[in-house]
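Visitor: This is the structure I have questions about; it appears just below.
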Amino acid sequence: MSQTLAKWMTLFLVVTIMFTPILYYLDTLNRKAVDAVLQQGLKEASIEGYMSNEVVNKMVDTLVNDYNFDEDVIDIAGTTLYTQRKEYIEITITVPRTPVFILNIFNQGSKKLVRKSIIMSEYVG
């Protein structure tokens with residue numbers, strides 16, 4: 001009985017030690033992908049003066065095609081009204097977060113990855 005228990009506990013630790021770095025790396029890559037797409041969307045929205053449907057569609061297409069996110073779970077919100085120069089435009093991207101631990105007994109953290117950023121508008125109209 002004690003040998004069986006020891007083997008199961010060892011298996012638990014080995015699985016955790018093996019997969020946690022890989023899953024953490026994947027989570028980090030997802031964060032960086034969302035940050036890159038957010039920055040590109042902010043630049044385009046700054047020039048246009050608001051977050052247009054074209055900007056949102058480009059951001060979603062980039063996340064889906066280049067980074068393999070599921071289109072149905074991507075939520076992008078932001079300033080949809082024209083803003084004049086020196087006023088702020090805000091964009092928020094929300095996507096599900098990948099688990100960091102293979103066994104769900106530790107605190108995984110937030111279930112969603114939320115990135116929010118603002119930029120000053122360059123629109124003169």
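Numbering starts fresh at 1 for the residues of each chain in the structure tokens, the chains themselves are lettered A, B, ... in the order given, and ligands are numbered from 1 as they appear.
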Step one, run DSSP on the backbone; step two, keep only residues of segment 42-114 of chain A assigned to alpha helix (DSSP H); then write them as a PyMOL selection string.

Guide: chain A and resi 42-48+53-67

Visitor: Quick one: residues within 12 Å of Leu42 of chain A, only C-alpha atoms, excluding same-chain residues fewer than 4 positions away - as a ChimeraX atom specification?

Guide: /A:35-38,46-52,55-56,58-59,76-79,88-93,116-122

Visitor: Using Å and a single decimal, report how far atom CA of Asp75 of chain A sits from atom CA of Pro96 of chain A.

Guide: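 Taking atom CA of Pro96 of chain A and atom CA of Asp75 of chain A, their separation equals 9.6 Å.
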
Visitor: In Å, with one decimal, what is the gap from atom CA of Arg85 of chain A to atom CA of Val114 of chain A?

Guide: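 Straight-line distance from atom CA of Arg85 of chain A to atom CA of Val114 of chain A works out to 26.6 Å.
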
Visitor: Please report, as a Markdown table, each residue of segment 26-113 of chain A lying at most 10 Å from segment 2-19 of chain A, together with the nearest pair of atoms and the separation in Å rounded to one decimal; use only C-alpha atoms, and order rows by chain and ascending residue number.

Guide:
```
| residue | atom | partner | partner_atom | distance |
| --- | --- | --- | --- | --- |
| A:Val100 | CA | A:Phe19 | CA | 8.4 |
| A:Phe101 | CA | A:Thr16 | CA | 6.7 |
| A:Ile102 | CA | A:Phe19 | CA | 6.5 |
| A:Leu103 | CA | A:Thr16 | CA | 7.2 |
```

Visitor: Between A:Asn107, A:Leu63, A:Leu113, A:Thr28, which residue has the minimum interatomic distance to Gln40 of chain A, considering only C-alpha atoms?

Guide: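 Checking each candidate against Gln40 of chain A, we get A:Leu63 as the closest.
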
Visitor: Would you compute the distance between atom CA of Lys32 of chain A and atom CA of Gly109 of chain A? Give it in Å to one decimal.

Guide: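 Between these atoms lies a distance of 17.5 Å.
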
Visitor: Out of chain A, which residues get strand (DSSP E) from DSSP, as a PyMOL selection string?

Guide: chain A and resi 75-78+88-96+112-120

Visitor: Might you pull out every residue within 12 Å of Asn68 of chain A, with only C-alpha atoms counted and same-chain residues fewer than 5 positions away left off, and present them as a PDB file with N, CA, C and O atoms, in the first residue's frame?

Guide:
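Ended up saving to part29.pdb:
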```pdb
ATOM      1  N   LEU A  29       3.677  33.288 -24.268  1.00  0.00           N
ATOM      2  CA  LEU A  29       3.578  33.578 -25.701  1.00  0.00           C
ATOM      3  C   LEU A  29       2.213  34.156 -26.062  1.00  0.00           C
ATOM      4  O   LEU A  29       2.114  35.070 -26.887  1.00  0.00           O
ATOM      5  N   ASN A  30       1.159  33.622 -25.453  1.00  0.00           N
ATOM      6  CA  ASN A  30      -0.179  34.160 -25.705  1.00  0.00           C
ATOM      7  C   ASN A  30      -0.290  35.606 -25.237  1.00  0.00           C
ATOM      8  O   ASN A  30      -0.893  36.445 -25.900  1.00  0.00           O
ATOM      9  N   ALA A  33       1.519  37.794 -27.734  1.00  0.00           N
ATOM     10  CA  ALA A  33       0.756  37.909 -28.975  1.00  0.00           C
ATOM     11  C   ALA A  33      -0.373  38.919 -28.819  1.00  0.00           C
ATOM     12  O   ALA A  33      -0.577  39.776 -29.689  1.00  0.00           O
ATOM     13  N   VAL A  34      -1.093  38.828 -27.719  1.00  0.00           N
ATOM     14  CA  VAL A  34      -2.192  39.771 -27.477  1.00  0.00           C
ATOM     15  C   VAL A  34      -1.648  41.190 -27.327  1.00  0.00           C
ATOM     16  O   VAL A  34      -2.226  42.140 -27.866  1.00  0.00           O
ATOM     17  N   VAL A  60      -8.721  40.784 -34.899  1.00  0.00           N
ATOM     18  CA  VAL A  60      -9.258  39.427 -34.748  1.00  0.00           C
ATOM     19  C   VAL A  60      -8.605  38.488 -35.768  1.00  0.00           C
ATOM     20  O   VAL A  60      -8.213  37.367 -35.417  1.00  0.00           O
ATOM     21  N   ASP A  61      -8.483  38.930 -37.019  1.00  0.00           N
ATOM     22  CA  ASP A  61      -7.860  38.092 -38.046  1.00  0.00           C
ATOM     23  C   ASP A  61      -6.421  37.742 -37.690  1.00  0.00           C
ATOM     24  O   ASP A  61      -5.973  36.611 -37.895  1.00  0.00           O
ATOM     25  N   THR A  62      -5.682  38.704 -37.159  1.00  0.00           N
ATOM     26  CA  THR A  62      -4.300  38.439 -36.760  1.00  0.00           C
ATOM     27  C   THR A  62      -4.242  37.418 -35.632  1.00  0.00           C
ATOM     28  O   THR A  62      -3.437  36.484 -35.678  1.00  0.00           O
ATOM     29  N   LEU A  63      -5.101  37.586 -34.630  1.00  0.00           N
ATOM     30  CA  LEU A  63      -5.108  36.624 -33.528  1.00  0.00           C
ATOM     31  C   LEU A  63      -5.522  35.233 -33.984  1.00  0.00           C
ATOM     32  O   LEU A  63      -4.965  34.228 -33.529  1.00  0.00           O
ATOM     33  N   VAL A  73     -14.146  33.348 -29.048  1.00  0.00           N
ATOM     34  CA  VAL A  73     -13.875  33.712 -27.656  1.00  0.00           C
ATOM     35  C   VAL A  73     -13.096  35.023 -27.517  1.00  0.00           C
ATOM     36  O   VAL A  73     -12.816  35.453 -26.410  1.00  0.00           O
ATOM     37  N   ILE A  74     -12.762  35.664 -28.629  1.00  0.00           N
ATOM     38  CA  ILE A  74     -12.039  36.933 -28.585  1.00  0.00           C
ATOM     39  C   ILE A  74     -13.039  38.064 -28.392  1.00  0.00           C
ATOM     40  O   ILE A  74     -14.018  38.167 -29.127  1.00  0.00           O
ATOM     41  N   VAL A  95      -9.291  37.470 -23.858  1.00  0.00           N
ATOM     42  CA  VAL A  95      -9.253  36.108 -24.413  1.00  0.00           C
ATOM     43  C   VAL A  95      -9.110  35.124 -23.252  1.00  0.00           C
ATOM     44  O   VAL A  95      -8.627  35.482 -22.183  1.00  0.00           O
TER      45      VAL A  95
END
```

Visitor: Given only C-alpha atoms as the basis, pick out the residue of A:Glu87, A:Asp66, A:Glu71, A:Glu54 nearest to Val124 of chain A.

Guide: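 Among the listed residues, A:Glu87 lies closest to Val124 of chain A.
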